[in-house]
4 protein chains.
Amino acid sequence: MSLEMDKPYFRLISEPILENPIFVQGLPGFGNVGKIAANLLMKFCNAKPFAELYSPSFPDYVSVSTDGVCALPRYEFFAAPMEKSDFIIMTGDTQPSFDDVLAHYEVCSEILNFLQKYKCSLFITMGGVPMTEEKAQVYVAATSPQLATEFMEKGAVLYIKGRIMGATGLMLGLAKERGLNGICLLGSTNGFQADRGAGFTVFKFLMKALGNEVKEGL
Amino acid sequence: MSLEMDKPYFRLISEPILENPIFVQGLPGFGNVGKIAANLLMKFCNAKPFAELYSPSFPDYVSVSTDGVCALPRYEFFAAPMEKSDFIIMTGDTQPSFDDVLAHYEVCSEILNFLQKYKCSLFITMGGVPMTEEKAQVYVAATSPQLATEFMEKGAVLYIKGRIMGATGLMLGLAKERGLNGICLLGSTNGFQADRGAGFTVFKFLMKALGNEVKEGL
Amino acid sequence: MSLEMDKPYFRLISEPILENPIFVQGLPGFGNVGKIAANLLMKFCNAKPFAELYSPSFPDYVSVSTDGVCALPRYEFFAAPMEKSDFIIMTGDTQPSFDDVLAHYEVCSEILNFLQKYKCSLFITMGGVPMTEEKAQVYVAATSPQLATEFMEKGAVLYIKGRIMGATGLMLGLAKERGLNGICLLGSTNGFQADRGAGFTVFKFLMKALGNEVKEGL
Amino acid sequence: MSLEMDKPYFRLISEPILENPIFVQGLPGFGNVGKIAANLLMKFCNAKPFAELYSPSFPDYVSVSTDGVCALPRYEFFAAPMEKSDFIIMTGDTQPSFDDVLAHYEVCSEILNFLQKYKCSLFITMGGVPMTEEKAQVYVAATSPQLATEFMEKGAVLYIKGRIMGATGLMLGLAKERGLNGICLLGSTNGFQADRGAGFTVFKFLMKALGNEVKEGL
């Protein structure tokens with residue numbers, strides 16, 4: 001196998017059978033809210049990995065696992081066929097290098113290209129938003145006013161405070177440019193440390209909004 | 001629609017009918033003078049948006065409007081058929097990432113390519129220039145001594161202080177390399193904060209120089 | 001000869017005859033451990049230079065030798081036919097520019113492409129790892145649990161502390177993605193200055209692990 | 001004319017008739033020594049401009065001259081047919097953006113490509129080198145020991161202090177890789193301010209070494 005690494009590269013592990021799945025993305029960021037929520041969703045759905053994304057714009061190191069085996073930074077895609085709606089869940093342990101804006105656009109575009117064949121019905125990005133207030137909230141922004149309203153009616157607060165940074169915002173913006181439907185769910189967090197509570201709040205809201213029941217004990 | 005985002009990308013909303021329009025550009029910068037002047041011109045002309053430019057070198061965030069809908073950073077093109085002379089006005093809420101010089105050249109070149117079919121008679125860039133003096137002035141630089149002189153005779157001060165930074169200078173330099181006619185109008189400003197006065201001074205000078213009458217109450 | 005320098009460029013000095021050689025890499029880094037170990041190996045094996053790699057992502061200077069002759073930054077490849085196992089040894093006096101992550105991936109991928117025709121049986125990268133402990137140790141990470149275990153049994157400590165930075169980690173990660181076998185040997189060092197002791201420890205361990213005898217007096 | 005500006009771009013003003021000219025380069029740098037020496041040489045030879053180089057990696061501004069006309073940053077090529085040996089002299093008012101190493105390699109390579117048709121007999125780069133000593137010296141490094149020795153015999157000191165930074169070093173290194181003959185002359189300077197004395201010393205040495213007589217009053 002030749003792996004040139006001059007652009008983002010997908011490795012397909014298996015071909016999942018999914019019906020108009022909902023794409024859900026949670027990457028590292030503020031309070032790690034998005035990634036924590038994605039991990040909870042994967043656990044809840046018993047999602048199975050089916051693809052990996054490598055990119056020359058990811059940081060230049062390898063992680064070593066507890067058995068001494070190295071791995072390049074990567075995004076991982078998990079498939080979860082469910083009763084109500086199938087899911088494709090993407091998470092990762094990195095984002096493109098700080099300030100490499102071109103790479104950010106390229107990686108997000110390649111992900112949308114890759115997802116095209118799965119005919120996703122909805123693109124959901126999850127992240128955190130720094131807030132000083134006490135109350136745990138889930139904020140929503142969307143690719144259309146209708147979608148924003150729909151999720152407000154389900155309990156989210158409209159996010160009108162300005163910008164959504166990094167892949168959490170960019171995926172939504174690029175999805176909109178392609179005429180796709182998407183929302184961004186942002187959990188309020190008061191710090192940069194991993195905020196498991198905020199991650200759980202986003203996950204629970206998402207499940208409720210999509211009609212799934214989540215038991216508190218998860 | 002496939003939107004690869006590996007280079008600047010234009011989305012045409014409608015095809016305006018214009019006769020050798022004057023191109024006028026005002027982007028964020030010193031005192032936001034250029035952008036403020038462009039906004040005043042758009043209001044004065046009742047200009048209509050007809051195209052958008054996206055670029056992977058623009059910052060990696062989305063802005064969220066008051067109805068919760070996200071949008072990628074972009075430049076917007078407005079058309080204004082007028083009695084004296086038609087206008088194409090370009091503004092935006094960003095410039096390519098700090099220090100990404102290659103992107104700056106590429107974006108400006110793509111804009112000139114895009115404008116080619118409209119057969120613009122003149123390319124005008126507007127910006128601010130930090131000055132300690134009190135008096136509001138409009139400085140001019142041009143692609144030829146004749147053009148510089150022409151606008152000096154209309155009341156501008158010749159800009160001989162050195163450099164014009166960013167897209168305000170680059171568009172003019174690249175226009176000159178293509179054999180096009182252009183001028184740069186710089187409003188003196190004493191700060192980095194939005195300077196509405198300087199923006200209005202530049203707008204008013206431009207209108208007068210082009211033979212349009214502006215009422216003070218705008 | 002035309003040397004475009006828009007991408008990494010190999011110059012072949014001679015074509016070595018080697019049988020499934022072991023590739024060993026030691027570049028500048030923590031305590032210069034990898035480079036020192038590579039130099040000791042080259043001396044031990046009486047290795048001969050057979051190729052050079054230039055890259056536009058290497059720093060923009062030339063080094064001048066004692067006879068006043070300039071040379072671009074480069075990686076050098078040395079061949080050593082040996083009784084037990086042949087070696088290809090790579091060293092250099094630089095790494096791609098700080099933070100140019102894309103270049104790091106490209107250079108490492110081009111090296112793996114170049115090495116393909118020599119059908120290397122094993123890829124070994126050597127480096128240093130900052131440690132506060134006194135005892136000189138050699139840590140190992142690998143492309144598979146079997147390889148990691150094999151070198152642990154020969155006396156290395158499993159490296160499970162997280163990440164391996166730069167080309168030392170990246171070459172291993174990219175080799176793994178191509179289905180190649182590789183290990184990384186990291187010598188513990190307590191500083192950023194050149195640590196000849198740590199370099200020798202890594203070299204000696206490598207020789208012993210591969211079944212070569214090293215006399216202390218080298 | 002279409003000027004895409006996605007890579008370095010040459011504009012030919014006229015086609016000079018030169019016989020195996022010597023290429024001499026002086027760009028901004030330490031003490032501005034190289035550029036000052038190049039300007040003195042152009043004046044001495046009554047050199048005429050025949051080509052310009054633009055690059056998207058040059059800084060994103062325009063300079064405005066005293067008649068208010070803007071110009072993009074550029075390198076300029078001057079031709080000087082002389083009795084003893086013809087010259088092509090290159091100077092400029094910039095170098096590629098700080099830290100854009102890839103651009104540095106690309107611009108220098110394009111210059112060597114451009115010069116190929118003029119069949120230059122020798123490539124000379126001039127610059128400054130920071131020295132604490134009082135005495136004005138000219139240091140030399142070369143593409144071969146023979147050339148270094150030849151210019152030492154003419155009075156230059158062998159430069160064995162390490163590195164030559166930026167285009168002054170890179171042009172020499174890339175010329176060597178193409179099998180071309182070149183030298184670098186470095187004038188000792190004790191500051192970063194423009195050092196006209198050091199520039200004159202380098203110019204005078206160069207003229208003497210090439211067999212031209214320079215009167216002190218220049």
# chains A, B, ... in the order shown; residues from 1 in each chain; ligands from 1
>>> interface_residues(of="chain B", to="chain D", cutoff="9 Å", atoms="only C-alpha atoms", output="NGL selection string")
:B and (99-106 or 109-110 or 113 or 140-145 or 147-149 or 158-170 or 172-174 or 176-179)
>>> residues_around(residues="Gly29 of chain C", least_positions_apart="5", cutoff="9 Å", atoms="only C-alpha atoms", output="JSON, numbers by chain")
{"C": [34, 35, 95, 127, 128, 166, 168, 192]}
>>> select_by_dssp(residues="segment 38-126 of chain A", states="strand (DSSP E)", output="PyMOL selection string")
chain A and resi 48-54+61-64+70-71+75-80+87-92+122-126
>>> decode(residues="segment 26-43 of chain C", atoms="N, CA, C and O atoms", output="CSV table (one decimal), in the first residue's frame")
chain,number,residue,atom,x,y,z
C,26,GLY,N,18.8,8.5,12.7
C,26,GLY,CA,19.1,9.3,13.9
C,26,GLY,C,19.3,10.7,13.5
C,26,GLY,O,20.2,11.1,12.8
C,27,LEU,N,18.3,11.6,13.9
C,27,LEU,CA,18.3,13.0,13.5
C,27,LEU,C,18.5,13.8,14.7
C,27,LEU,O,18.4,13.4,15.8
C,28,PRO,N,18.8,15.1,14.5
C,28,PRO,CA,19.0,16.0,15.7
C,28,PRO,C,17.7,16.1,16.5
C,28,PRO,O,16.6,15.9,15.9
C,29,GLY,N,17.8,16.2,17.8
C,29,GLY,CA,16.6,16.3,18.7
C,29,GLY,C,17.1,16.3,20.1
C,29,GLY,O,18.2,16.7,20.4
C,30,PHE,N,16.2,15.9,21.0
C,30,PHE,CA,16.5,15.9,22.5
C,30,PHE,C,17.9,15.3,22.8
C,30,PHE,O,18.2,14.1,22.5
C,31,GLY,N,18.8,16.1,23.3
C,31,GLY,CA,20.1,15.6,23.7
C,31,GLY,C,20.9,15.1,22.5
C,31,GLY,O,22.0,14.5,22.6
C,32,ASN,N,20.4,15.3,21.3
C,32,ASN,CA,21.1,14.8,20.1
C,32,ASN,C,21.3,13.3,20.1
C,32,ASN,O,22.2,12.8,19.4
C,33,VAL,N,20.5,12.6,20.9
C,33,VAL,CA,20.8,11.2,21.2
C,33,VAL,C,20.7,10.4,19.9
C,33,VAL,O,21.6,9.6,19.6
C,34,GLY,N,19.7,10.6,19.0
C,34,GLY,CA,19.5,9.9,17.8
C,34,GLY,C,20.7,10.0,16.9
C,34,GLY,O,21.2,9.1,16.3
C,35,LYS,N,21.1,11.3,16.7
C,35,LYS,CA,22.2,11.6,15.7
C,35,LYS,C,23.5,11.0,16.2
C,35,LYS,O,24.3,10.4,15.4
C,36,ILE,N,23.8,11.1,17.5
C,36,ILE,CA,25.0,10.5,18.1
C,36,ILE,C,25.0,9.0,17.9
C,36,ILE,O,26.0,8.4,17.4
C,37,ALA,N,23.9,8.4,18.2
C,37,ALA,CA,23.8,6.9,18.0
C,37,ALA,C,24.0,6.5,16.5
C,37,ALA,O,24.7,5.5,16.2
C,38,ALA,N,23.4,7.3,15.6
C,38,ALA,CA,23.6,7.0,14.2
C,38,ALA,C,25.1,7.2,13.8
C,38,ALA,O,25.6,6.3,13.0
C,39,ASN,N,25.7,8.2,14.3
C,39,ASN,CA,27.1,8.4,13.9
C,39,ASN,C,28.0,7.3,14.4
C,39,ASN,O,28.9,6.8,13.7
C,40,LEU,N,27.7,6.8,15.7
C,40,LEU,CA,28.5,5.6,16.2
C,40,LEU,C,28.3,4.4,15.3
C,40,LEU,O,29.2,3.7,15.0
C,41,LEU,N,27.0,4.2,14.9
C,41,LEU,CA,26.7,3.0,14.1
C,41,LEU,C,27.4,3.1,12.7
C,41,LEU,O,28.0,2.1,12.2
C,42,MET,N,27.5,4.3,12.1
C,42,MET,CA,28.1,4.5,10.9
C,42,MET,C,29.6,4.2,11.0
C,42,MET,O,30.2,3.6,10.1
C,43,LYS,N,30.2,4.6,12.1
C,43,LYS,CA,31.6,4.4,12.4
C,43,LYS,C,31.9,2.9,12.5
C,43,LYS,O,32.8,2.3,12.0
